[in-house]
Protein chains: 2
Amino acid sequence: MILTCMKNNLIEGINITSKAISNRTTMPILECLLLECNVDGFVLMGNDLEIGIISKVNANIKRNGQIAIDAKVFSEIIRKLPDKEIYIEVDDRNMVIIKCDMSEYKIMGQSGDEFSRPNVIDKNDGYIIFQSELKDMIRRTIFSVSVDESKPTLMGELIEIKDGFINIVALDGYRVSYRKSMIGQNDYIKVIIPSKTMNEISKILSSDLEAIITLYVDNNHILFDLGESIVVSRLLEGEFYSYNQIFSNNYNTKIKVNKTEILLGIERASLISSVAKKEPVKLSIEENKIIITSNTSLGTAHEEVITEKEGEDLKIAFNPKYIIDALKAIDDEYVNLLFTSPLSPCMINPIESDEYKYLVLPLRLNV
Amino acid sequence: MILTCMKNNLIEGINITSKAISNRTTMPILECLLLECNVDGFVLMGNDLEIGIISKVNANIKRNGQIAIDAKVFSEIIRKLPDKEIYIEVDDRNMVIIKCDMSEYKIMGQSGDEFSRPNVIDKNDGYIIFQSELKDMIRRTIFSVSVDESKPTLMGELIEIKDGFINIVALDGYRVSYRKSMIGQNDYIKVIIPSKTMNEISKILSSDLEAIITLYVDNNHILFDLGESIVVSRLLEGEFYSYNQIFSNNYNTKIKVNKTEILLGIERASLISSVAKKEPVKLSIEENKIIITSNTSLGTAHEEVITEKEGEDLKIAFNPKYIIDALKAIDDEYVNLLFTSPLSPCMINPIESDEYKYLVLPLRLNV
């Protein structure tokens, strides 16, 4: 294999494909990137067996071939090279020769035959969405994914396509995060993607408002096609909790409140609540204001925030982290909080759309 | 104790005095800041028994008094408060009441009597230096301090005042870092300051070119007077290595080289050298160029950098980290490297001054 390419192009490919490199593995080949020159061009591949990434790099190919090389060593060397043309050659003993300006490296590679290639599925019937929109949907939901290994299906995000919408949902048994977006198709798709995949894909997604991504799904895999790069991930097996039942638009108390003010109030009150001890923050919803209090071994906190209220007064307690996570994911200036009783979940909604909704279970108040 | 003060003033005092708060201690009082209102004004104090800091905060005092309060809790609460006036009151049961805008906290404090106050020494015969200059001297030397607890005197930096100069020196048995600066006094002072103190003081020092600091020394302590804040530290006991003997201006080989080019070359070559295995980087000094090579189980690296040479050709090997640390601390475009033999230390010098010098011991080459 012989090629030349510009450093910045190679670095971009390394950055993307390295997201599929395992840090903790007993198989050295999983710590490698595959470099391959073929009729399609020069591609890099990374694969940790859960997520696989293939990225095209603009290059001038002199001889086809392939080699697996330790991703960390390769990436550190390329990163430190001058911002110039890089020459890469692999000899018949799998020695990788890297030359750039006054620098020359010879690094032992491994035969590309040992590399486990990402499982590229057929590209039929794809779903097109803007990259910036998908990135936003992930950011606003991913924090609710469960970390409890005894409930593996909750360790992923649901992607559901139906009735012209794509919905992304994450829930961990204490809260639900839901975000929807219009999509041009009416098919019915329901798959669970590991949260690691969603995290890594969101780092690769462009914020450029024009950039699109196409999703392809088969029984066991999802493929994200970004144009120059594709990401393939296995799906999580199992049935996702039927989240729709637990959202209800009924309420006995509804407040409209400035998002930043209530977020800061709850954050401040939670400073004296121990996360480890699951110490609650209490909300007392009164006429025109909400009183946020916390009372722990450290001391007491008392906060007041102006609100507009509909319905009954209410006292309710929460693990403050769950409310804070949801409020932080919201960009709107004002939000609605809907309650039915001190033992029922609180729903957080935008004022004038149904683009997202959050549900948080309360903690039982010790009276 | 009752006072009001502006949030930003209080935060500044907390930031400075918190640097003397111990993270790992079995004595809860060492995790506290002391707040005190007396005839001199409102001051905060932190003290971990090695380093103590006292900082004045602009405030409107209504009643004198003092209280010790958990530094982390206090700092987090104040940090999250709105950017407004803060009211602090301590009642006779050591309850600290903090009010700001719509927020109110009550936090249990501890009697100030239990707090161990910093050991403020007499302010006689101080040494005045610009804060920015001291900050720069610390940055350029501190990385050479030893972390070997069996040689406690090397775990500090030497501050030496003689012949109208202040010298700061750090050495760990493998390398020496030296930086000098003019000072208006001719006394003779030689003290060893713990590296933690030097690190913390350098974070507090202003980069403002006008700001000065005054140093006061007694047998066991050094006091840094920054105006609004003072830092007191214990000194390390023992005799500092007489570093002057090991610097020599004799050489058999001298090169002038672009600092950035040789730094990047050594950094790149060291990428394939394991720090844990102490794998060397080799320098081969030839006519007009220096060849930097490394040859390890990972592969080989070869770098060339243009130089101007005086004297003999030379092959020598180093732990690359030591050379890299020294070169990174230098801002000059070109530096001199002076060698006498493959087994003698290399001296790194500026081209046209004697403001700093670095000495690095070579590694024995396996032939």
# chains A, B, ... in the order shown; residues from 1 in each chain; ligands from 1
$ residues_around --residues "Pro194 of chain A" --least-positions-apart "6" --cutoff "7 Å" --atoms "only C-alpha atoms" --output "short mmCIF file (atom, residue, chain, number, x, y, z; two decimals) with C-alpha atoms, in the first residue's frame"
data_model
loop_
_atom_site.label_atom_id
_atom_site.label_comp_id
_atom_site.auth_asym_id
_atom_site.auth_seq_id
_atom_site.Cartn_x
_atom_site.Cartn_y
_atom_site.Cartn_z
CA MET A 155 -29.45 1.34 28.47
CA GLY A 156 -30.29 2.51 24.97
CA GLU A 157 -32.41 5.15 23.29
CA LEU A 235 -29.24 -2.85 18.14
CA LEU A 236 -30.29 -3.71 21.68
#
$ select_by_dssp --residues "segment 113-169 of chain A" --states "strand (DSSP E)" --output "list in words"
Tyr127, Ile128, Ile129, Phe130, Gly156, Glu157, Leu158, Ile159, Glu160, Ile161, Lys162, Phe165, Ile166, Asn167, Ile168 and Val169 of chain A
$ write_last_selection --atoms "C-alpha atoms" --output "compact mmCIF listing (two decimals), in the first residue's frame"
# COMPACT_ATOMS: atom_id res chain seq x y z
CA TYR A 127 -34.68 7.67 6.49
CA ILE A 128 -33.28 11.15 5.89
CA ILE A 129 -32.93 13.71 8.67
CA PHE A 130 -30.81 16.83 9.21
CA GLY A 156 -30.29 2.51 24.97
CA GLU A 157 -32.41 5.15 23.29
CA LEU A 158 -35.56 4.28 21.40
CA ILE A 159 -35.72 5.54 17.84
CA GLU A 160 -39.29 5.28 16.61
CA ILE A 161 -40.53 6.34 13.21
CA LYS A 162 -44.29 6.58 12.74
CA PHE A 165 -42.45 11.73 12.85
CA ILE A 166 -39.20 10.42 14.29
CA ASN A 167 -39.29 10.11 18.08
CA ILE A 168 -36.30 9.60 20.37
CA VAL A 169 -37.03 8.43 23.90
$ interface_residues --of "chain A" --to "chain B" --cutoff "8 Å" --atoms "only C-alpha atoms" --output "PyMOL selection string"
chain A and resi 73+76-77+80-81+102-108+264-265+267-268+271-272+298-305
$ select_by_dssp --residues "segment 229-301 of chain B" --states "alpha helix (DSSP H)" --output "list of chain:residue names"
B:Lys259, B:Thr260, B:Glu261, B:Ile262, B:Leu263, B:Leu264, B:Gly265, B:Ile266, B:Glu267, B:Arg268, B:Ala269, B:Ser270
$ write_last_selection --atoms "N, CA and C atoms" --output "PDB file, in the first residue's frame"
ATOM      1  N   LYS B 259      14.040  26.733  18.791  1.00  0.00           N
ATOM      2  CA  LYS B 259      13.470  26.052  19.956  1.00  0.00           C
ATOM      3  C   LYS B 259      12.272  25.184  19.579  1.00  0.00           C
ATOM      4  N   THR B 260      11.359  25.736  18.767  1.00  0.00           N
ATOM      5  CA  THR B 260      10.145  24.996  18.415  1.00  0.00           C
ATOM      6  C   THR B 260      10.467  23.766  17.578  1.00  0.00           C
ATOM      7  N   GLU B 261      11.417  23.916  16.633  1.00  0.00           N
ATOM      8  CA  GLU B 261      11.747  22.785  15.762  1.00  0.00           C
ATOM      9  C   GLU B 261      12.343  21.619  16.549  1.00  0.00           C
ATOM     10  N   ILE B 262      13.257  21.900  17.462  1.00  0.00           N
ATOM     11  CA  ILE B 262      13.877  20.793  18.210  1.00  0.00           C
ATOM     12  C   ILE B 262      12.880  20.218  19.216  1.00  0.00           C
ATOM     13  N   LEU B 263      12.036  21.083  19.787  1.00  0.00           N
ATOM     14  CA  LEU B 263      11.017  20.591  20.722  1.00  0.00           C
ATOM     15  C   LEU B 263      10.068  19.619  20.011  1.00  0.00           C
ATOM     16  N   LEU B 264       9.544  20.029  18.838  1.00  0.00           N
ATOM     17  CA  LEU B 264       8.610  19.162  18.110  1.00  0.00           C
ATOM     18  C   LEU B 264       9.301  17.870  17.666  1.00  0.00           C
ATOM     19  N   GLY B 265      10.555  17.976  17.226  1.00  0.00           N
ATOM     20  CA  GLY B 265      11.298  16.791  16.790  1.00  0.00           C
ATOM     21  C   GLY B 265      11.454  15.791  17.925  1.00  0.00           C
ATOM     22  N   ILE B 266      11.823  16.284  19.093  1.00  0.00           N
ATOM     23  CA  ILE B 266      12.009  15.373  20.240  1.00  0.00           C
ATOM     24  C   ILE B 266      10.654  14.830  20.703  1.00  0.00           C
ATOM     25  N   GLU B 267       9.645  15.679  20.694  1.00  0.00           N
ATOM     26  CA  GLU B 267       8.304  15.200  21.077  1.00  0.00           C
ATOM     27  C   GLU B 267       7.841  14.084  20.149  1.00  0.00           C
ATOM     28  N   ARG B 268       8.033  14.271  18.845  1.00  0.00           N
ATOM     29  CA  ARG B 268       7.597  13.246  17.889  1.00  0.00           C
ATOM     30  C   ARG B 268       8.386  11.957  18.072  1.00  0.00           C
ATOM     31  N   ALA B 269       9.702  12.089  18.210  1.00  0.00           N
ATOM     32  CA  ALA B 269      10.520  10.880  18.373  1.00  0.00           C
ATOM     33  C   ALA B 269      10.147  10.158  19.663  1.00  0.00           C
ATOM     34  N   SER B 270       9.765  10.926  20.700  1.00  0.00           N
ATOM     35  CA  SER B 270       9.463  10.307  21.993  1.00  0.00           C
ATOM     36  C   SER B 270       8.114   9.594  21.996  1.00  0.00           C
TER      37      SER B 270
END
$ residues_around --residues "segment 41-53 of chain A" --least-positions-apart "6" --cutoff "9 Å" --atoms "only C-alpha atoms" --output "number ranges by chain"
A: 3, 10, 13-14, 16-22, 25, 30-35, 59-61, 64, 71, 115-120, 194, 196-197, 229-235
$ write_last_selection --atoms "C-alpha atoms" --output "mmCIF file, in the first residue's frame"
data_model
loop_
_atom_site.group_PDB
_atom_site.id
_atom_site.type_symbol
_atom_site.label_atom_id
_atom_site.label_comp_id
_atom_site.auth_asym_id
_atom_site.auth_seq_id
_atom_site.Cartn_x
_atom_site.Cartn_y
_atom_site.Cartn_z
ATOM 1 C CA LEU A 3 -0.461 6.783 -0.648
ATOM 2 C CA LEU A 10 -6.123 12.259 7.704
ATOM 3 C CA GLY A 13 -10.672 10.553 9.474
ATOM 4 C CA ILE A 14 -8.704 9.440 12.531
ATOM 5 C CA ILE A 16 -14.050 10.055 13.520
ATOM 6 C CA THR A 17 -13.011 6.395 13.305
ATOM 7 C CA SER A 18 -11.193 6.463 16.677
ATOM 8 C CA LYS A 19 -14.594 6.829 18.348
ATOM 9 C CA ALA A 20 -15.106 3.140 17.558
ATOM 10 C CA ILE A 21 -11.826 2.102 19.187
ATOM 11 C CA SER A 22 -12.073 0.217 22.433
ATOM 12 C CA THR A 25 -10.003 -4.698 25.521
ATOM 13 C CA LEU A 30 -9.603 -3.988 18.547
ATOM 14 C CA GLU A 31 -7.148 -1.245 19.477
ATOM 15 C CA CYS A 32 -6.222 -0.895 15.795
ATOM 16 C CA LEU A 33 -7.491 1.197 12.939
ATOM 17 C CA LEU A 34 -7.644 -0.502 9.557
ATOM 18 C CA LEU A 35 -6.138 1.575 6.736
ATOM 19 C CA ALA A 59 -5.747 10.740 -0.849
ATOM 20 C CA ASN A 60 -3.529 10.087 -3.797
ATOM 21 C CA ILE A 61 -3.231 6.294 -3.998
ATOM 22 C CA ASN A 64 -3.716 -0.629 -3.086
ATOM 23 C CA ALA A 71 -4.892 3.566 16.762
ATOM 24 C CA PHE A 115 -9.301 -6.968 11.478
ATOM 25 C CA SER A 116 -12.993 -7.467 12.049
ATOM 26 C CA ARG A 117 -14.758 -5.205 9.561
ATOM 27 C CA PRO A 118 -17.921 -3.291 10.469
ATOM 28 C CA ASN A 119 -21.074 -5.133 9.468
ATOM 29 C CA VAL A 120 -22.262 -2.942 6.594
ATOM 30 C CA PRO A 194 -27.014 1.520 22.683
ATOM 31 C CA LYS A 196 -22.665 4.604 23.591
ATOM 32 C CA THR A 197 -23.536 4.648 19.881
ATOM 33 C CA SER A 229 -18.394 8.407 6.935
ATOM 34 C CA ILE A 230 -20.727 5.625 7.938
ATOM 35 C CA VAL A 231 -21.422 4.371 11.435
ATOM 36 C CA VAL A 232 -22.842 0.902 12.019
ATOM 37 C CA SER A 233 -24.108 -0.182 15.406
ATOM 38 C CA ARG A 234 -25.734 -3.295 16.735
ATOM 39 C CA LEU A 235 -29.242 -2.851 18.140
#
$ closest_residue --among "B:Ser274, B:Gln131, B:Gln245, B:Thr307" --to "Asp208 of chain B" --atoms "only C-alpha atoms"
B:Gln131
$ atom_distance --atom1 "atom CA of Ile69 of chain A" --atom2 "atom CA of Thr4 of chain A"
17.0 Å
$ closest_residue --among "A:Arg179, A:Lys62, A:Gly238, A:Arg140" --to "Lys328 of chain A" --atoms "only C-alpha atoms"
A:Arg140
$ closest_residue --among "B:Glu237, B:Asp122, B:Asp163, B:Asp325" --to "Val191 of chain B" --atoms "only C-alpha atoms"
B:Glu237
$ residues_around --residues "Ala317 of chain B" --least-positions-apart "2" --cutoff "10 Å" --atoms "only C-alpha atoms" --output "ChimeraX atom specification"
/B:279-284,292-294,315,319-320,342-343,361-366
